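So this one's coords27.cif, mmCIF, C-alpha atoms and all ligand atoms:
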data_entry
loop_
_atom_site.group_PDB
_atom_site.id
_atom_site.type_symbol
_atom_site.label_atom_id
_atom_site.label_comp_id
_atom_site.auth_asym_id
_atom_site.auth_seq_id
_atom_site.Cartn_x
_atom_site.Cartn_y
_atom_site.Cartn_z
ATOM 1 C CA MET A 1120 77.578 139.989 80.211
ATOM 2 C CA ASP A 1121 76.182 136.657 81.336
ATOM 3 C CA LYS A 1122 77.658 134.740 84.184
ATOM 4 C CA CYS A 1123 79.226 131.499 83.032
ATOM 5 C CA THR A 1124 80.265 128.418 84.924
ATOM 6 C CA CYS A 1125 83.356 126.516 83.878
ATOM 7 C CA GLN A 1126 82.718 122.807 83.204
ATOM 8 C CA MET A 1127 86.260 121.970 84.250
ATOM 9 C CA CYS A 1128 86.733 123.678 87.600
ATOM 10 C CA GLY A 1129 83.150 124.605 88.477
ATOM 11 C CA LEU A 1130 83.954 128.269 89.036
ATOM 12 C CA SER A 1131 81.309 130.827 88.085
ATOM 13 C CA TYR A 1132 82.545 134.118 86.732
ATOM 14 C CA GLN A 1133 81.409 137.246 84.973
ATOM 15 C CA GLY A 1134 83.265 140.075 83.280
ATOM 16 C CA LYS A 1135 86.894 140.486 82.274
ATOM 17 C CA ALA A 1136 88.512 140.780 85.701
ATOM 18 C CA GLU A 1137 86.781 137.655 87.005
ATOM 19 C CA SER A 1138 87.496 135.867 83.764
ATOM 20 C CA ARG A 1139 91.226 136.518 84.223
ATOM 21 C CA LYS A 1140 91.030 135.335 87.826
ATOM 22 C CA HIS A 1141 89.243 132.223 86.607
ATOM 23 C CA ASP A 1142 91.979 131.491 84.045
ATOM 24 C CA SER A 1143 94.675 131.271 86.681
ATOM 25 C CA TYR A 1144 92.389 129.315 89.039
ATOM 26 C CA CYS A 1145 91.494 126.904 86.239
ATOM 27 C CA LYS A 1146 95.148 126.310 85.340
ATOM 28 C CA LYS A 1147 96.016 125.489 88.942
ATOM 29 C CA HIS A 1148 92.959 123.248 89.173
ATOM 30 C CA LEU A 1149 93.982 121.390 86.020
ATOM 31 C CA LYS A 1150 97.553 120.846 87.208
ATOM 32 C CA ALA A 1151 96.208 119.534 90.509
ATOM 33 C CA CYS A 1152 93.887 117.138 88.611
ATOM 34 C CA VAL A 1153 96.854 115.821 86.639
ATOM 35 C CA LYS A 1154 98.781 115.195 89.845
ATOM 36 C CA PHE A 1155 95.989 114.062 92.191
ATOM 37 C CA ASP A 1156 93.404 112.618 89.755
ATOM 38 C CA THR A 1157 89.738 113.592 90.184
ATOM 39 C CA ILE A 1158 89.059 116.754 92.160
ATOM 40 C CA TYR A 1159 85.363 117.346 92.735
ATOM 41 C CA ASN A 1160 83.778 120.775 92.451
ATOM 42 C CA PRO A 1161 82.247 122.290 95.611
ATOM 43 C CA GLU A 1162 78.688 121.390 94.490
ATOM 44 C CA GLU A 1163 79.715 117.793 93.804
ATOM 45 C CA CYS A 1164 81.420 117.579 97.207
ATOM 46 C CA GLU A 1165 78.307 118.817 98.923
ATOM 47 C CA ALA A 1166 76.056 116.311 97.130
ATOM 48 C CA ILE A 1167 78.416 113.411 97.879
ATOM 49 C CA GLN A 1168 78.694 114.378 101.533
ATOM 50 C CA ASN A 1169 74.933 114.736 101.883
ATOM 51 C CA ASP A 1170 74.356 111.255 100.446
ATOM 52 C CA ILE A 1171 76.950 109.167 102.246
ATOM 53 C CA LYS A 1172 74.972 108.265 105.376
ATOM 54 C CA GLN A 1173 71.982 107.246 103.301
ATOM 55 C CA ILE A 1174 74.177 105.111 101.025
ATOM 56 C CA LEU A 1175 75.810 103.385 103.982
ATOM 57 C CA SER A 1176 72.545 102.601 105.734
ATOM 58 C CA SER A 1177 70.586 101.513 102.637
ATOM 59 C CA GLU A 1178 69.797 97.825 102.357
ATOM 60 C CA LYS A 1179 69.328 98.047 98.599
ATOM 61 C CA ILE A 1180 72.886 99.146 97.871
ATOM 62 C CA SER A 1181 75.544 96.445 97.432
ATOM 63 C CA LEU A 1182 78.728 96.254 99.464
ATOM 64 C CA HIS A 1183 80.727 97.109 96.356
ATOM 65 C CA GLU A 1184 78.638 100.230 95.686
ATOM 66 C CA LYS A 1185 78.962 101.273 99.304
ATOM 67 C CA ALA A 1186 82.744 100.927 99.191
ATOM 68 C CA LEU A 1187 82.721 103.062 96.031
ATOM 69 C CA GLY A 1188 80.521 105.581 97.828
ATOM 70 C CA VAL A 1189 82.962 105.773 100.725
ATOM 71 C CA GLU A 1190 85.833 106.282 98.288
ATOM 72 C CA LYS A 1191 83.918 109.132 96.641
ATOM 73 C CA PHE A 1192 83.157 110.590 100.051
ATOM 74 C CA PHE A 1193 86.818 110.555 101.072
ATOM 75 C CA ARG A 1194 87.785 111.972 97.702
ATOM 76 C CA SER A 1195 85.321 114.832 98.191
ATOM 77 C CA CYS A 1196 87.027 115.668 101.516
ATOM 78 C CA PHE A 1197 90.389 115.383 99.765
ATOM 79 C CA SER A 1198 89.137 117.699 96.978
ATOM 80 C CA GLN A 1199 88.156 120.337 99.526
ATOM 81 C CA SER A 1200 91.518 120.080 101.216
ATOM 82 C CA VAL A 1201 93.425 120.426 97.923
ATOM 83 C CA ARG A 1202 91.225 123.383 96.951
ATOM 84 C CA ASP A 1203 91.710 125.006 100.378
ATOM 85 C CA SER A 1204 95.471 124.703 99.905
ATOM 86 C CA GLY A 1205 95.125 126.778 96.705
ATOM 87 C CA PHE A 1206 95.806 123.621 94.621
ATOM 88 C CA ASP A 1207 99.204 123.268 96.226
ATOM 89 C CA LEU A 1208 100.999 120.477 94.347
ATOM 90 C CA SER A 1209 102.906 119.572 97.508
ATOM 91 C CA HIS A 1210 99.609 118.587 99.184
ATOM 92 C CA CYS A 1211 99.768 115.015 100.513
ATOM 93 C CA SER A 1212 98.488 112.175 98.305
ATOM 94 C CA PHE A 1213 94.937 110.809 98.414
ATOM 95 C CA LEU A 1214 96.185 107.662 100.141
ATOM 96 C CA ASP A 1215 97.999 109.606 102.867
ATOM 97 C CA TYR A 1216 94.991 111.851 103.266
ATOM 98 C CA CYS A 1217 92.681 108.855 103.732
ATOM 99 C CA ALA A 1218 95.012 107.429 106.365
ATOM 100 C CA ARG A 1219 94.840 110.766 108.163
ATOM 101 C CA LEU A 1220 91.033 110.912 107.987
ATOM 102 C CA LEU A 1221 90.632 107.328 109.144
ATOM 103 C CA SER A 1222 92.572 108.163 112.298
ATOM 104 C CA GLN A 1223 89.997 110.845 113.163
ATOM 105 C CA LYS A 1224 87.033 110.043 115.390
ATOM 106 C CA TYR A 1225 84.357 111.371 113.022
ATOM 107 C CA PHE A 1226 85.405 109.155 110.120
ATOM 108 C CA ASN A 1227 86.116 106.222 112.365
ATOM 109 C CA ASP A 1228 82.629 106.490 113.881
ATOM 110 C CA LEU A 1229 81.046 106.858 110.448
ATOM 111 C CA LEU A 1230 82.456 103.513 109.281
ATOM 112 C CA LYS A 1231 82.366 101.634 112.570
ATOM 113 C CA PRO A 1232 78.863 100.188 112.062
ATOM 114 C CA TYR A 1233 79.927 98.923 108.603
ATOM 115 C CA PRO A 1234 83.102 96.853 109.056
ATOM 116 C CA ASP A 1235 82.606 95.054 105.698
ATOM 117 C CA VAL A 1236 82.383 98.353 103.842
ATOM 118 C CA HIS A 1237 85.387 99.646 105.752
ATOM 119 C CA SER A 1238 87.563 96.678 104.827
ATOM 120 C CA GLN A 1239 86.448 96.668 101.185
ATOM 121 C CA PHE A 1240 87.185 100.373 100.965
ATOM 122 C CA LEU A 1241 90.690 99.764 102.378
ATOM 123 C CA GLN A 1242 91.260 96.974 99.879
ATOM 124 C CA ARG A 1243 90.290 99.294 97.027
ATOM 125 C CA LEU A 1244 92.619 101.994 98.339
ATOM 126 C CA LEU A 1245 95.574 99.688 98.629
ATOM 127 C CA SER A 1246 95.090 97.812 95.359
HETATM 128 ZN ZN ZN B 1 87.692 126.605 84.911
#
Translate this structure into C-alpha cells?
Ligand SMILES: [Zn+2]
Amino acid sequence: MDKCTCQMCGLSYQGKAESRKHDSYCKKHLKACVKFDTIYNPEECEAIQNDIKQILSSEKISLHEKALGVEKFFRSCFSQSVRDSGFDLSHCSFLDYCARLLSQKYFNDLLKPYPDVHSQFLQRLLS
C-alpha cells in the first residue's frame, strides 16, 4: 500500500493501523483549527521559521509584508505548541501565546532591530 499524506493535517501514513491513528489525529487537528484558526503543518512551520530572518532583513519587502511574516512566524511557533500539547483545546490563545513569546529574550532580540515591524505586528495582533 502506498504511503499517503493528508492535505488537512500533513500527517503521512500507510496501512490500516496507521490510517486509524491518523483518523483520530486528524479529528483532533480539525477541532483545534476550529478553535485556534490556522495551524501550520510541521513542514510549513520549518519553512516559515527558516525564512523569517531573511524576510526581516530584506530591503525589497514592505513593512506590511514583514509584519505579516512575523505574524506567520509566531503562528508557526504557536502551531508547534498546540501540536505538542496533543491539540489540547485548553491551550492558551494565539494572542496570549504571542505575549508570552514576546517576553522571551530570543523573540525580543529578533525584533529589536526592526521597531517599525514590531509595532505594526502588535497593531495587527490587537486589531
Ligand atoms: Zn489528516
>> I want to know what sits within 7 Å of range 1238-1241 of chain A, based on all atoms listed in the file, with residues of the same chain fewer than 3 positions away left out; could you give that as a PyMOL selection string?
In response: chain A and resi 1186+1189-1190+1234-1235+1244-1245
Using all atoms listed in the file, what does the table of chain A residues within 10 Å of ligand ZN 1 (chain B) look like, with each row giving the shortest atom pair and its distance in Å to one decimal, sorted by chain and ascending number, as a tab-separated table?
residue	atom	partner	partner_atom	distance
A:Cys1123	CA	B:ZN1	ZN	10.0
A:Thr1124	CA	B:ZN1	ZN	7.6
A:Cys1125	CA	B:ZN1	ZN	4.5
A:Gln1126	CA	B:ZN1	ZN	6.5
A:Met1127	CA	B:ZN1	ZN	4.9
A:Cys1128	CA	B:ZN1	ZN	4.1
A:Gly1129	CA	B:ZN1	ZN	6.1
A:Leu1130	CA	B:ZN1	ZN	5.8
A:Ser1131	CA	B:ZN1	ZN	8.3
A:Tyr1132	CA	B:ZN1	ZN	9.3
A:Ser1138	CA	B:ZN1	ZN	9.3
A:Lys1140	CA	B:ZN1	ZN	9.8
A:His1141	CA	B:ZN1	ZN	6.1
A:Asp1142	CA	B:ZN1	ZN	6.6
A:Ser1143	CA	B:ZN1	ZN	8.6
A:Tyr1144	CA	B:ZN1	ZN	6.8
A:Cys1145	CA	B:ZN1	ZN	4.0
A:Lys1146	CA	B:ZN1	ZN	7.5
A:Lys1147	CA	B:ZN1	ZN	9.3
A:His1148	CA	B:ZN1	ZN	7.6
A:Leu1149	CA	B:ZN1	ZN	8.2
Those same residues - C-alpha atoms - I'd like them written as a PDB file, keeping the file's coordinate frame.
ATOM      1  CA  CYS A1123      79.226 131.499  83.032  1.00  0.00           C
ATOM      2  CA  THR A1124      80.265 128.418  84.924  1.00  0.00           C
ATOM      3  CA  CYS A1125      83.356 126.516  83.878  1.00  0.00           C
ATOM      4  CA  GLN A1126      82.718 122.807  83.204  1.00  0.00           C
ATOM      5  CA  MET A1127      86.260 121.970  84.250  1.00  0.00           C
ATOM      6  CA  CYS A1128      86.733 123.678  87.600  1.00  0.00           C
ATOM      7  CA  GLY A1129      83.150 124.605  88.477  1.00  0.00           C
ATOM      8  CA  LEU A1130      83.954 128.269  89.036  1.00  0.00           C
ATOM      9  CA  SER A1131      81.309 130.827  88.085  1.00  0.00           C
ATOM     10  CA  TYR A1132      82.545 134.118  86.732  1.00  0.00           C
ATOM     11  CA  SER A1138      87.496 135.867  83.764  1.00  0.00           C
ATOM     12  CA  LYS A1140      91.030 135.335  87.826  1.00  0.00           C
ATOM     13  CA  HIS A1141      89.243 132.223  86.607  1.00  0.00           C
ATOM     14  CA  ASP A1142      91.979 131.491  84.045  1.00  0.00           C
ATOM     15  CA  SER A1143      94.675 131.271  86.681  1.00  0.00           C
ATOM     16  CA  TYR A1144      92.389 129.315  89.039  1.00  0.00           C
ATOM     17  CA  CYS A1145      91.494 126.904  86.239  1.00  0.00           C
ATOM     18  CA  LYS A1146      95.148 126.310  85.340  1.00  0.00           C
ATOM     19  CA  LYS A1147      96.016 125.489  88.942  1.00  0.00           C
ATOM     20  CA  HIS A1148      92.959 123.248  89.173  1.00  0.00           C
ATOM     21  CA  LEU A1149      93.982 121.390  86.020  1.00  0.00           C
TER      22      LEU A1149
END
> Which neighbours of range 1160-1176 of chain A fall inside 7 Å, counting all atoms listed in the file, when residues of the same chain fewer than 3 positions from it are skipped, and could you give them as a VMD selection string?
Replying inline: chain A and resid 1128 to 1129 1180 1185 1188 1192 1195
Selection from above, C-alpha atoms, as a compact mmCIF listing (two decimals), keeping the file's coordinate frame, can you write it?
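Written file, part-v2.txt:
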# COMPACT_ATOMS: atom_id res chain seq x y z
CA CYS A 1128 86.73 123.68 87.60
CA GLY A 1129 83.15 124.60 88.48
CA ILE A 1180 72.89 99.15 97.87
CA LYS A 1185 78.96 101.27 99.30
CA GLY A 1188 80.52 105.58 97.83
CA PHE A 1192 83.16 110.59 100.05
CA SER A 1195 85.32 114.83 98.19
>> Nearest residue to Glu1178 in chain A out of A:Tyr1233, A:Phe1213, A:Tyr1159, A:Phe1193, using all atoms listed in the file?
In response: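 When distances to Glu1178 in chain A are compared using all atoms listed in the file, the smallest one comes from A:Tyr1233.
Nearest residue to Leu1187 in chain A, choosing from A:Ser1200, A:Glu1137, A:Val1236, A:Lys1122 and counting all atoms listed in the file: A:Val1236.
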> Pick the closest to Ile1158 in chain A from A:Ser1198, A:Ala1136, A:Asp1121, A:His1183: which is it, counting only C-alpha atoms?
Replying inline: A:Ser1198
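Of note, CA of Arg1219 in chain A and CA of Asp1207 in chain A are spaced 17.8 Å apart.
Atom pair CA of His1237 in chain A / CA of Asp1203 in chain A has a distance of 26.7 Å (rounded to one decimal).
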> If we count all atoms listed in the file, what is near Ser1209 in chain A at a cut-off of 10 Å, once residues fewer than 4 positions away on the same chain are taken out, given as an MDAnalysis selection string?
Replying inline: chainID A and resid 1151 1154 1201 1204
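For the pair CA of Gln1242 in chain A and CA of Leu1214 in chain A, the interatomic distance is 11.8 Å.
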Rebuild range 1197-1211 of chain A so that it carries N, CA and C atoms, then output the result as an mmCIF file, in the coordinates of the input.
data_model
loop_
_atom_site.group_PDB
_atom_site.id
_atom_site.type_symbol
_atom_site.label_atom_id
_atom_site.label_comp_id
_atom_site.auth_asym_id
_atom_site.auth_seq_id
_atom_site.Cartn_x
_atom_site.Cartn_y
_atom_site.Cartn_z
ATOM 1 N N PHE A 1197 89.055 115.123 100.322
ATOM 2 C CA PHE A 1197 90.389 115.383 99.765
ATOM 3 C C PHE A 1197 90.335 116.570 98.794
ATOM 4 N N SER A 1198 89.293 116.604 97.946
ATOM 5 C CA SER A 1198 89.137 117.699 96.978
ATOM 6 C C SER A 1198 89.065 119.043 97.682
ATOM 7 N N GLN A 1199 88.287 119.079 98.781
ATOM 8 C CA GLN A 1199 88.156 120.337 99.526
ATOM 9 C C GLN A 1199 89.499 120.759 100.104
ATOM 10 N N SER A 1200 90.234 119.774 100.599
ATOM 11 C CA SER A 1200 91.518 120.080 101.216
ATOM 12 C C SER A 1200 92.510 120.609 100.177
ATOM 13 N N VAL A 1201 92.531 119.963 98.998
ATOM 14 C CA VAL A 1201 93.425 120.426 97.923
ATOM 15 C C VAL A 1201 93.018 121.837 97.478
ATOM 16 N N ARG A 1202 91.705 122.055 97.359
ATOM 17 C CA ARG A 1202 91.225 123.383 96.951
ATOM 18 C C ARG A 1202 91.583 124.422 98.015
ATOM 19 N N ASP A 1203 91.387 124.074 99.295
ATOM 20 C CA ASP A 1203 91.710 125.006 100.378
ATOM 21 C C ASP A 1203 93.197 125.352 100.413
ATOM 22 N N SER A 1204 94.029 124.440 99.912
ATOM 23 C CA SER A 1204 95.471 124.703 99.905
ATOM 24 C C SER A 1204 95.852 125.602 98.723
ATOM 25 N N GLY A 1205 94.842 125.991 97.902
ATOM 26 C CA GLY A 1205 95.125 126.778 96.705
ATOM 27 C C GLY A 1205 95.729 125.896 95.615
ATOM 28 N N PHE A 1206 95.301 124.607 95.590
ATOM 29 C CA PHE A 1206 95.806 123.621 94.621
ATOM 30 C C PHE A 1206 97.319 123.476 94.734
ATOM 31 N N ASP A 1207 97.774 123.443 95.966
ATOM 32 C CA ASP A 1207 99.204 123.268 96.226
ATOM 33 C C ASP A 1207 99.629 121.859 95.790
ATOM 34 N N LEU A 1208 100.580 121.787 94.873
ATOM 35 C CA LEU A 1208 100.999 120.477 94.347
ATOM 36 C C LEU A 1208 101.802 119.673 95.365
ATOM 37 N N SER A 1209 102.205 120.335 96.465
ATOM 38 C CA SER A 1209 102.906 119.572 97.508
ATOM 39 C C SER A 1209 101.927 119.033 98.563
ATOM 40 N N HIS A 1210 100.631 119.181 98.304
ATOM 41 C CA HIS A 1210 99.609 118.587 99.184
ATOM 42 C C HIS A 1210 99.840 117.068 99.249
ATOM 43 N N CYS A 1211 99.532 116.461 100.395
ATOM 44 C CA CYS A 1211 99.768 115.015 100.513
ATOM 45 C C CYS A 1211 98.867 114.241 99.551
#
